[in-house]
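J.: This is work05.pdb, which holds PDB, C-alpha atoms:
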```
ATOM      1  CA  MET M 340     160.481  86.636  24.583  1.00  0.00           C
ATOM      2  CA  ALA M 341     159.962  83.026  23.624  1.00  0.00           C
ATOM      3  CA  ASP M 342     162.289  81.369  21.147  1.00  0.00           C
ATOM      4  CA  ALA M 343     161.400  79.731  17.853  1.00  0.00           C
ATOM      5  CA  LYS M 344     160.810  76.365  19.542  1.00  0.00           C
ATOM      6  CA  SER M 345     157.457  77.705  20.734  1.00  0.00           C
ATOM      7  CA  LEU M 346     156.295  77.755  17.122  1.00  0.00           C
ATOM      8  CA  VAL M 347     157.225  74.079  16.723  1.00  0.00           C
ATOM      9  CA  ALA M 348     155.379  73.309  19.965  1.00  0.00           C
ATOM     10  CA  LEU M 349     152.240  74.973  18.618  1.00  0.00           C
ATOM     11  CA  PHE M 350     152.291  72.827  15.493  1.00  0.00           C
ATOM     12  CA  GLU M 351     152.941  69.727  17.600  1.00  0.00           C
ATOM     13  CA  ALA M 352     149.903  70.575  19.735  1.00  0.00           C
ATOM     14  CA  MET M 353     147.776  71.009  16.602  1.00  0.00           C
ATOM     15  CA  THR M 354     148.959  67.661  15.276  1.00  0.00           C
ATOM     16  CA  GLU M 355     148.260  65.895  18.578  1.00  0.00           C
ATOM     17  CA  ASN M 356     144.709  67.230  18.547  1.00  0.00           C
ATOM     18  CA  LEU M 357     144.242  66.009  14.982  1.00  0.00           C
ATOM     19  CA  GLU M 358     145.507  62.609  16.095  1.00  0.00           C
ATOM     20  CA  ARG M 359     142.857  62.476  18.823  1.00  0.00           C
ATOM     21  CA  ASP M 360     140.137  63.504  16.360  1.00  0.00           C
ATOM     22  CA  ARG M 361     141.364  61.229  13.566  1.00  0.00           C
ATOM     23  CA  PRO M 362     138.593  58.562  13.898  1.00  0.00           C
ATOM     24  CA  ASP M 363     135.826  61.179  13.916  1.00  0.00           C
ATOM     25  CA  LEU M 364     137.297  62.991  10.911  1.00  0.00           C
ATOM     26  CA  ASN M 365     137.559  59.719   8.991  1.00  0.00           C
ATOM     27  CA  GLN M 366     133.940  58.917   9.790  1.00  0.00           C
ATOM     28  CA  LEU M 367     132.784  62.290   8.457  1.00  0.00           C
ATOM     29  CA  ASP M 368     134.524  61.598   5.139  1.00  0.00           C
ATOM     30  CA  ARG M 369     131.802  59.902   3.086  1.00  0.00           C
ATOM     31  CA  ASP M 370     134.068  59.464   0.067  1.00  0.00           C
ATOM     32  CA  ASP M 371     137.361  57.800   1.025  1.00  0.00           C
ATOM     33  CA  GLY M 372     137.096  57.746   4.823  1.00  0.00           C
ATOM     34  CA  ASP M 373     140.649  59.058   5.176  1.00  0.00           C
ATOM     35  CA  SER M 374     140.265  62.765   5.936  1.00  0.00           C
ATOM     36  CA  GLY M 375     141.624  62.327   9.457  1.00  0.00           C
ATOM     37  CA  ASP M 376     144.495  60.144   8.281  1.00  0.00           C
ATOM     38  CA  ASN M 377     145.471  62.755   5.714  1.00  0.00           C
ATOM     39  CA  MET M 378     145.336  65.665   8.154  1.00  0.00           C
ATOM     40  CA  VAL M 379     147.499  63.834  10.687  1.00  0.00           C
ATOM     41  CA  ASN M 380     149.988  62.825   8.001  1.00  0.00           C
ATOM     42  CA  ASN M 381     150.171  66.346   6.612  1.00  0.00           C
ATOM     43  CA  PHE M 382     150.729  68.149   9.875  1.00  0.00           C
ATOM     44  CA  ARG M 383     153.231  65.551  11.016  1.00  0.00           C
ATOM     45  CA  LEU M 384     155.116  66.485   7.849  1.00  0.00           C
ATOM     46  CA  VAL M 385     154.858  70.184   8.660  1.00  0.00           C
ATOM     47  CA  THR M 386     155.884  69.755  12.303  1.00  0.00           C
ATOM     48  CA  GLY M 387     158.776  67.492  11.345  1.00  0.00           C
ATOM     49  CA  ALA M 388     160.002  69.943   8.722  1.00  0.00           C
ATOM     50  CA  LEU M 389     159.899  72.819  11.201  1.00  0.00           C
ATOM     51  CA  GLN M 390     161.700  70.756  13.847  1.00  0.00           C
ATOM     52  CA  GLN M 391     164.404  69.814  11.344  1.00  0.00           C
ATOM     53  CA  GLN M 392     164.882  73.475  10.467  1.00  0.00           C
ATOM     54  CA  MET M 393     165.336  74.317  14.152  1.00  0.00           C
ATOM     55  CA  ASN M 394     167.760  71.426  14.723  1.00  0.00           C
ATOM     56  CA  THR M 395     169.990  72.465  11.831  1.00  0.00           C
ATOM     57  CA  GLY M 396     169.947  76.148  12.734  1.00  0.00           C
ATOM     58  CA  ALA M 397     168.046  77.015   9.561  1.00  0.00           C
ATOM     59  CA  GLY M 398     165.074  78.044  11.712  1.00  0.00           C
ATOM     60  CA  SER M 399     166.704  81.339  12.662  1.00  0.00           C
ATOM     61  CA  ASP M 400     164.358  82.864  10.082  1.00  0.00           C
ATOM     62  CA  LEU M 401     160.823  81.699  10.857  1.00  0.00           C
ATOM     63  CA  GLY M 402     159.648  82.807   7.437  1.00  0.00           C
ATOM     64  CA  SER M 403     162.154  80.551   5.720  1.00  0.00           C
ATOM     65  CA  ALA M 404     161.316  77.652   8.039  1.00  0.00           C
ATOM     66  CA  LEU M 405     157.592  77.956   7.318  1.00  0.00           C
ATOM     67  CA  ALA M 406     158.254  78.241   3.584  1.00  0.00           C
ATOM     68  CA  GLN M 407     160.304  75.033   3.694  1.00  0.00           C
ATOM     69  CA  ALA M 408     157.524  73.290   5.625  1.00  0.00           C
ATOM     70  CA  ALA M 409     155.038  74.488   3.000  1.00  0.00           C
ATOM     71  CA  GLN M 410     157.178  72.980   0.251  1.00  0.00           C
ATOM     72  CA  VAL M 411     157.431  69.657   2.083  1.00  0.00           C
ATOM     73  CA  LEU M 412     153.658  69.606   2.434  1.00  0.00           C
ATOM     74  CA  ARG M 413     153.188  70.518  -1.222  1.00  0.00           C
ATOM     75  CA  ASP M 414     155.528  67.733  -2.328  1.00  0.00           C
ATOM     76  CA  ASN M 415     154.446  64.962   0.034  1.00  0.00           C
ATOM     77  CA  GLY M 416     151.029  65.883   1.409  1.00  0.00           C
ATOM     78  CA  LYS M 417     147.933  63.742   1.004  1.00  0.00           C
ATOM     79  CA  GLY M 418     144.373  64.708   0.190  1.00  0.00           C
ATOM     80  CA  ALA M 419     142.678  67.735  -1.288  1.00  0.00           C
ATOM     81  CA  THR M 420     143.494  70.064   1.604  1.00  0.00           C
ATOM     82  CA  ALA M 421     147.282  69.582   1.438  1.00  0.00           C
ATOM     83  CA  PRO M 422     147.893  72.228  -1.276  1.00  0.00           C
ATOM     84  CA  ILE M 423     145.430  74.566   0.451  1.00  0.00           C
ATOM     85  CA  TYR M 424     147.327  74.466   3.733  1.00  0.00           C
ATOM     86  CA  ALA M 425     150.645  74.632   1.858  1.00  0.00           C
ATOM     87  CA  GLN M 426     149.551  77.916   0.284  1.00  0.00           C
ATOM     88  CA  GLY M 427     148.428  79.144   3.697  1.00  0.00           C
ATOM     89  CA  LEU M 428     151.808  78.304   5.203  1.00  0.00           C
ATOM     90  CA  ASP M 429     153.511  80.114   2.338  1.00  0.00           C
ATOM     91  CA  GLN M 430     151.553  83.275   3.118  1.00  0.00           C
ATOM     92  CA  ALA M 431     152.268  82.879   6.832  1.00  0.00           C
ATOM     93  CA  ALA M 432     155.957  82.564   5.903  1.00  0.00           C
ATOM     94  CA  THR M 433     155.788  85.884   4.098  1.00  0.00           C
ATOM     95  CA  ASN M 434     154.175  87.520   7.129  1.00  0.00           C
ATOM     96  CA  LEU M 435     156.898  86.205   9.483  1.00  0.00           C
ATOM     97  CA  ALA M 436     159.871  86.720   7.169  1.00  0.00           C
ATOM     98  CA  GLY M 437     162.976  87.808   9.072  1.00  0.00           C
ATOM     99  CA  ARG M 438     161.643  86.840  12.513  1.00  0.00           C
ATOM    100  CA  SER M 439     164.087  84.820  14.620  1.00  0.00           C
ATOM    101  CA  ASP M 440     161.780  84.216  17.584  1.00  0.00           C
ATOM    102  CA  PHE M 441     158.074  83.637  18.037  1.00  0.00           C
ATOM    103  CA  SER M 442     155.873  85.603  20.429  1.00  0.00           C
ATOM    104  CA  LEU M 443     152.145  86.078  20.884  1.00  0.00           C
ATOM    105  CA  SER M 444     152.361  89.221  18.755  1.00  0.00           C
ATOM    106  CA  ASP M 445     153.385  86.971  15.850  1.00  0.00           C
ATOM    107  CA  LEU M 446     150.327  84.731  16.209  1.00  0.00           C
ATOM    108  CA  GLN M 447     147.922  87.106  14.478  1.00  0.00           C
ATOM    109  CA  PRO M 448     150.027  87.637  11.318  1.00  0.00           C
ATOM    110  CA  MET M 449     150.726  83.909  11.147  1.00  0.00           C
ATOM    111  CA  LEU M 450     147.023  83.019  11.345  1.00  0.00           C
ATOM    112  CA  GLU M 451     145.996  85.754   8.923  1.00  0.00           C
ATOM    113  CA  GLY M 452     148.593  84.468   6.476  1.00  0.00           C
ATOM    114  CA  LEU M 453     147.259  80.928   6.847  1.00  0.00           C
ATOM    115  CA  LEU M 454     143.741  82.168   6.182  1.00  0.00           C
ATOM    116  CA  GLY M 455     144.687  84.360   3.228  1.00  0.00           C
ATOM    117  CA  GLY M 456     146.644  81.637   1.484  1.00  0.00           C
ATOM    118  CA  ALA M 457     143.911  79.066   2.091  1.00  0.00           C
ATOM    119  CA  GLN M 458     141.261  81.387   0.677  1.00  0.00           C
ATOM    120  CA  GLN M 459     143.367  81.994  -2.421  1.00  0.00           C
ATOM    121  CA  SER M 460     144.061  78.308  -3.011  1.00  0.00           C
ATOM    122  CA  SER M 461     140.750  76.671  -2.134  1.00  0.00           C
ATOM    123  CA  GLY M 462     138.532  78.427  -4.653  1.00  0.00           C
ATOM    124  CA  ALA M 463     135.659  78.123  -2.176  1.00  0.00           C
ATOM    125  CA  ALA M 464     133.408  81.001  -1.225  1.00  0.00           C
ATOM    126  CA  PRO M 465     132.161  81.532   2.330  1.00  0.00           C
ATOM    127  CA  GLY M 466     128.940  79.638   2.950  1.00  0.00           C
ATOM    128  CA  GLN M 467     129.743  76.636   0.752  1.00  0.00           C
ATOM    129  CA  GLY M 468     130.423  74.430   3.751  1.00  0.00           C
ATOM    130  CA  THR M 469     134.202  74.044   3.519  1.00  0.00           C
ATOM    131  CA  LEU M 470     137.259  74.622   5.707  1.00  0.00           C
ATOM    132  CA  ILE M 471     137.046  78.312   4.757  1.00  0.00           C
ATOM    133  CA  ASP M 472     133.835  78.481   6.794  1.00  0.00           C
ATOM    134  CA  VAL M 473     135.903  77.596   9.862  1.00  0.00           C
ATOM    135  CA  LEU M 474     139.175  79.404   9.202  1.00  0.00           C
ATOM    136  CA  LEU M 475     137.478  82.677   8.272  1.00  0.00           C
ATOM    137  CA  PRO M 476     135.229  83.156  11.338  1.00  0.00           C
ATOM    138  CA  ALA M 477     137.622  81.649  13.902  1.00  0.00           C
ATOM    139  CA  ILE M 478     140.749  83.502  12.791  1.00  0.00           C
ATOM    140  CA  GLY M 479     138.651  86.570  12.079  1.00  0.00           C
ATOM    141  CA  ALA M 480     137.229  86.451  15.610  1.00  0.00           C
ATOM    142  CA  PHE M 481     140.742  86.287  17.077  1.00  0.00           C
ATOM    143  CA  SER M 482     141.977  89.192  14.949  1.00  0.00           C
ATOM    144  CA  GLN M 483     138.921  91.321  15.694  1.00  0.00           C
ATOM    145  CA  ALA M 484     139.205  90.669  19.422  1.00  0.00           C
ATOM    146  CA  LYS M 485     142.842  91.828  19.361  1.00  0.00           C
ATOM    147  CA  LYS M 486     141.912  94.927  17.342  1.00  0.00           C
ATOM    148  CA  ASN M 487     139.199  95.672  19.913  1.00  0.00           C
ATOM    149  CA  GLY M 488     141.842  95.681  22.628  1.00  0.00           C
ATOM    150  CA  ASP M 489     140.914  92.351  24.235  1.00  0.00           C
ATOM    151  CA  ASP M 490     143.712  90.607  26.114  1.00  0.00           C
ATOM    152  CA  ASP M 491     145.304  87.454  24.789  1.00  0.00           C
ATOM    153  CA  LEU M 492     143.213  85.015  26.814  1.00  0.00           C
ATOM    154  CA  ALA M 493     139.926  86.652  25.836  1.00  0.00           C
ATOM    155  CA  ALA M 494     140.886  86.558  22.150  1.00  0.00           C
ATOM    156  CA  ILE M 495     141.975  82.919  22.421  1.00  0.00           C
ATOM    157  CA  LEU M 496     138.733  81.866  24.115  1.00  0.00           C
ATOM    158  CA  THR M 497     136.658  83.720  21.520  1.00  0.00           C
ATOM    159  CA  ALA M 498     138.417  81.943  18.652  1.00  0.00           C
ATOM    160  CA  LEU M 499     138.332  78.570  20.401  1.00  0.00           C
ATOM    161  CA  LEU M 500     134.551  78.709  20.791  1.00  0.00           C
ATOM    162  CA  GLU M 501     134.046  79.970  17.244  1.00  0.00           C
ATOM    163  CA  ALA M 502     136.008  77.154  15.584  1.00  0.00           C
ATOM    164  CA  ARG M 503     133.704  74.305  16.646  1.00  0.00           C
ATOM    165  CA  ARG M 504     130.533  76.364  16.187  1.00  0.00           C
ATOM    166  CA  ALA M 505     131.579  77.155  12.627  1.00  0.00           C
ATOM    167  CA  ALA M 506     132.365  73.523  11.796  1.00  0.00           C
ATOM    168  CA  ASN M 507     128.968  72.360  13.041  1.00  0.00           C
ATOM    169  CA  HIS M 508     127.315  75.131  11.023  1.00  0.00           C
ATOM    170  CA  THR M 509     128.573  73.610   7.749  1.00  0.00           C
ATOM    171  CA  ALA M 510     125.860  70.963   8.169  1.00  0.00           C
ATOM    172  CA  GLN M 511     123.373  73.671   7.200  1.00  0.00           C
ATOM    173  CA  SER M 512     124.964  74.192   3.789  1.00  0.00           C
ATOM    174  CA  PRO M 513     122.705  72.609   1.113  1.00  0.00           C
ATOM    175  CA  GLN M 514     125.367  72.684  -1.586  1.00  0.00           C
ATOM    176  CA  GLY M 515     128.739  71.008  -1.291  1.00  0.00           C
ATOM    177  CA  HIS M 516     132.076  71.959  -2.765  1.00  0.00           C
ATOM    178  CA  GLY M 517     134.718  69.793  -4.415  1.00  0.00           C
ATOM    179  CA  ARG M 518     133.653  66.159  -4.209  1.00  0.00           C
ATOM    180  CA  GLY M 519     130.408  67.208  -2.582  1.00  0.00           C
ATOM    181  CA  SER M 520     129.535  69.506  -5.457  1.00  0.00           C
ATOM    182  CA  GLY M 521     126.211  68.779  -7.110  1.00  0.00           C
ATOM    183  CA  ARG M 522     124.581  66.926  -4.241  1.00  0.00           C
ATOM    184  CA  ASN M 523     122.609  68.029  -1.214  1.00  0.00           C
ATOM    185  CA  THR M 524     125.006  68.071   1.759  1.00  0.00           C
ATOM    186  CA  GLN M 525     122.552  69.478   4.289  1.00  0.00           C
ATOM    187  CA  GLY M 526     122.917  67.663   7.595  1.00  0.00           C
ATOM    188  CA  GLU M 527     126.532  66.682   6.863  1.00  0.00           C
ATOM    189  CA  ILE M 528     129.442  68.350   8.658  1.00  0.00           C
ATOM    190  CA  ASP M 529     132.154  68.892   6.079  1.00  0.00           C
ATOM    191  CA  PRO M 530     135.250  66.792   6.958  1.00  0.00           C
ATOM    192  CA  GLY M 531     137.601  69.524   5.766  1.00  0.00           C
ATOM    193  CA  ALA M 532     135.822  72.027   7.985  1.00  0.00           C
ATOM    194  CA  ALA M 533     135.942  69.624  10.925  1.00  0.00           C
ATOM    195  CA  GLY M 534     139.654  69.120  10.285  1.00  0.00           C
ATOM    196  CA  ALA M 535     140.218  72.880  10.308  1.00  0.00           C
ATOM    197  CA  ALA M 536     138.297  73.127  13.587  1.00  0.00           C
ATOM    198  CA  SER M 537     140.406  70.352  15.126  1.00  0.00           C
ATOM    199  CA  LEU M 538     143.560  72.116  13.957  1.00  0.00           C
ATOM    200  CA  LEU M 539     142.550  75.443  15.487  1.00  0.00           C
ATOM    201  CA  GLU M 540     141.257  73.805  18.659  1.00  0.00           C
ATOM    202  CA  GLY M 541     144.669  72.213  19.073  1.00  0.00           C
ATOM    203  CA  LEU M 542     146.358  75.570  18.652  1.00  0.00           C
ATOM    204  CA  PHE M 543     144.073  77.729  20.791  1.00  0.00           C
ATOM    205  CA  GLY M 544     143.549  74.987  23.375  1.00  0.00           C
ATOM    206  CA  ALA M 545     147.306  74.604  23.796  1.00  0.00           C
ATOM    207  CA  LEU M 546     147.714  78.351  24.187  1.00  0.00           C
ATOM    208  CA  LEU M 547     145.022  78.353  26.865  1.00  0.00           C
ATOM    209  CA  LYS M 548     146.689  75.505  28.764  1.00  0.00           C
ATOM    210  CA  GLY M 549     150.070  77.139  28.336  1.00  0.00           C
ATOM    211  CA  ALA M 550     148.748  80.334  29.874  1.00  0.00           C
ATOM    212  CA  LEU M 551     147.286  78.444  32.821  1.00  0.00           C
ATOM    213  CA  ASN M 552     150.614  76.674  33.321  1.00  0.00           C
ATOM    214  CA  GLN M 553     152.110  80.081  33.995  1.00  0.00           C
ATOM    215  CA  GLY M 554     149.776  80.516  36.943  1.00  0.00           C
ATOM    216  CA  GLY M 555     148.117  83.737  35.862  1.00  0.00           C
ATOM    217  CA  THR M 556     146.079  85.562  33.277  1.00  0.00           C
ATOM    218  CA  ALA M 557     147.530  87.193  30.204  1.00  0.00           C
ATOM    219  CA  ALA M 558     148.945  90.673  30.267  1.00  0.00           C
ATOM    220  CA  GLY M 559     146.273  93.316  30.410  1.00  0.00           C
ATOM    221  CA  SER M 560     143.716  91.151  32.197  1.00  0.00           C
ATOM    222  CA  ASN M 561     142.327  92.312  35.509  1.00  0.00           C
ATOM    223  CA  GLY M 562     141.040  88.875  36.474  1.00  0.00           C
ATOM    224  CA  PRO M 563     142.335  86.813  39.393  1.00  0.00           C
ATOM    225  CA  ALA M 564     145.442  84.722  38.948  1.00  0.00           C
ATOM    226  CA  ALA M 565     144.838  81.110  38.100  1.00  0.00           C
ATOM    227  CA  GLN M 566     146.643  78.307  39.843  1.00  0.00           C
ATOM    228  CA  PRO M 567     149.437  76.697  37.822  1.00  0.00           C
ATOM    229  CA  ALA M 568     148.251  73.682  35.869  1.00  0.00           C
ATOM    230  CA  ALA M 569     150.807  70.971  36.502  1.00  0.00           C
ATOM    231  CA  SER M 570     150.143  69.110  33.281  1.00  0.00           C
ATOM    232  CA  GLY M 571     153.676  67.738  32.967  1.00  0.00           C
ATOM    233  CA  ASN M 572     153.284  68.117  29.198  1.00  0.00           C
ATOM    234  CA  PRO M 573     156.449  69.756  27.814  1.00  0.00           C
ATOM    235  CA  ILE M 574     154.522  71.067  24.814  1.00  0.00           C
ATOM    236  CA  PHE M 575     152.177  73.095  27.023  1.00  0.00           C
ATOM    237  CA  GLU M 576     155.076  74.212  29.192  1.00  0.00           C
ATOM    238  CA  MET M 577     156.972  75.453  26.143  1.00  0.00           C
ATOM    239  CA  ILE M 578     153.895  77.239  24.841  1.00  0.00           C
ATOM    240  CA  GLY M 579     153.442  78.714  28.299  1.00  0.00           C
ATOM    241  CA  SER M 580     156.710  80.556  27.796  1.00  0.00           C
ATOM    242  CA  LEU M 581     154.840  82.798  25.370  1.00  0.00           C
ATOM    243  CA  PHE M 582     152.966  84.234  28.353  1.00  0.00           C
ATOM    244  CA  ARG M 583     155.975  84.915  30.570  1.00  0.00           C
ATOM    245  CA  PRO M 584     156.642  88.570  31.327  1.00  0.00           C
ATOM    246  CA  LYS M 585     159.091  90.128  28.917  1.00  0.00           C
ATOM    247  CA  GLY M 586     162.320  91.306  30.338  1.00  0.00           C
TER     248      GLY M 586
END
```
For this file, produce the structure as structure tokens.
T.:
Amino acid sequence: MADAKSLVALFEAMTENLERDRPDLNQLDRDDGDSGDNMVNNFRLVTGALQQQMNTGAGSDLGSALAQAAQVLRDNGKGATAPIYAQGLDQAATNLAGRSDFSLSDLQPMLEGLLGGAQQSSGAAPGQGTLIDVLLPAIGAFSQAKKNGDDDLAAILTALLEARRAANHTAQSPQGHGRGSGRNTQGEIDPGAAGAASLLEGLFGALLKGALNQGGTAAGSNGPAAQPAASGNPIFEMIGSLFRPKG
């Protein structure tokens, strides 16, 4: 069983991926040009809040730690998506209330909480070309794969592929939402959707690398063992602990 630090490592991996995608996200933002800056700022806040909770011992309840991170984001976040993700984190906190460690079995309720809160807060319907059009199919694909009995790696790969496909698909939406409301947005990838894709790619990509660092496939897979990936990245190594045999 992995400890709560694996949850912090996941958020750090998401934030690092947002940092890499920051210039592209800014370029997609045709209004202020700061969508990438805001996403990086916001998830640095979240990661820092979670890390502080772990350092002080307050992270013994993951639900409380996530709720505190949500409040920090609500108070200090930037951009239109900050309150949406804050509400998602609040719902994820409810789903993980009372948990003192984080394992792969906790990933699905955390993601479903993030999605549910975001849907409630955004006010956007599926098909309007927003971050919901990424969170819904990508997280839904992961959850459905797990319900179908797929192993962890298969579910992760399914969601990883779906996230970018869904973001690109927002360019087919002829009607924007929020600032894009009232104008034809066809041909434009929504920056909020692209930010959500970057976030999920950071998460699922880190899980994939963490699994490979363990030198094998996830439990339940009949595939051949992979060679350990000597990345030297402590984040991936910590996330890899999620795939170690329980015992």
J.: Determine the residue set returned by the PyMOL selection byres ((chain M and resi 359-363) around 12) for the present structure, and present it as JSON, numbers by chain.
T.: {"M": [352, 353, 354, 355, 356, 357, 358, 364, 365, 366, 367, 368, 369, 372, 373, 374, 375, 376, 377, 378, 379, 380, 528, 529, 530, 531, 533, 534, 535, 536, 537, 538, 540, 541]}
J.: For the atom pair atom CA of M:Leu474 and atom CA of M:Gly427, what is the interatomic distance in Å to one decimal place?
T.: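 Taking atom CA of M:Leu474 and atom CA of M:Gly427, their separation equals 10.8 Å.
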J.: Name the residues that the PyMOL selection byres ((chain M and resi 473) around 10) pulls out of this structure, and write them as a ChimeraX atom specification.
T.: /M:454,465,468-472,474-479,501-509,531-536,539
J.: Point out the residue among M:Asp342, M:Gly396, M:Leu401, M:Tyr424 with the least atom-to-atom distance to M:Asn381, counting only C-alpha atoms.
T.: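 Ranking M:Asp342, M:Gly396, M:Leu401, M:Tyr424 by distance to M:Asn381, first place goes to M:Tyr424.
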J.: Using Å and a single decimal, report how far atom CA of M:Thr420 sits from atom CA of M:Ala343.
T.: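 Interatomic distance here is 26.0 Å.
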J.: Hey, which of M:Ile495, M:Leu542, M:Leu349, M:Leu443 ends up closest to M:Arg583? Count all atoms listed in the file.
T.: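 Of M:Ile495, M:Leu542, M:Leu349, M:Leu443, the one nearest M:Arg583 is M:Leu443, counting all atoms listed in the file.
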J.: Quick check, in Å to one decimal: how far apart do atom CA of M:Gly402 and atom CA of M:Leu500 lie?
T.: 28.7 Å
J.: For each of M:Thr497, M:Val385, M:Asp491, M:Arg413, take the minimum atom-to-atom distance to M:Ser442, counting only C-alpha atoms, then give the residue where this is smallest.
T.: M:Asp491
J.: Please determine, counting all atoms listed in the file, which residue among M:Gly416, M:Val347, M:Ala431, M:Leu450 has the shortest atom-to-atom distance to M:Gln392.
T.: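 Smallest distance to M:Gln392 is found for M:Val347.
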J.: Measuring atom to atom with all atoms listed in the file, identify which of M:Arg383, M:Asp440, M:Gln511, M:Asn572 is nearest to M:Lys417.
T.: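 Counting all atoms listed in the file, the residue closest to M:Lys417 is M:Arg383.
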J.: Would you compute the box with edges along x, y and z of the file around stretch 406-414 of chain M, including every atom the file lists for it and 5 Å extra on each side, and give its centre and edge lengths in Å to one decimal, as lines of an AutoDock Vina configuration file?
T.:
```
center_x = 156.7
center_y = 73.0
center_z = 1.6
size_x = 17.1
size_y = 20.5
size_z = 18.0
```
J.: Written as an NGL selection string, which residues does the PyMOL selection byres ((chain M and resi 441) around 12) give for the file shown?
T.: :M and (340-349 or 398-402 or 435-440 or 442-449 or 577-578 or 580-582)
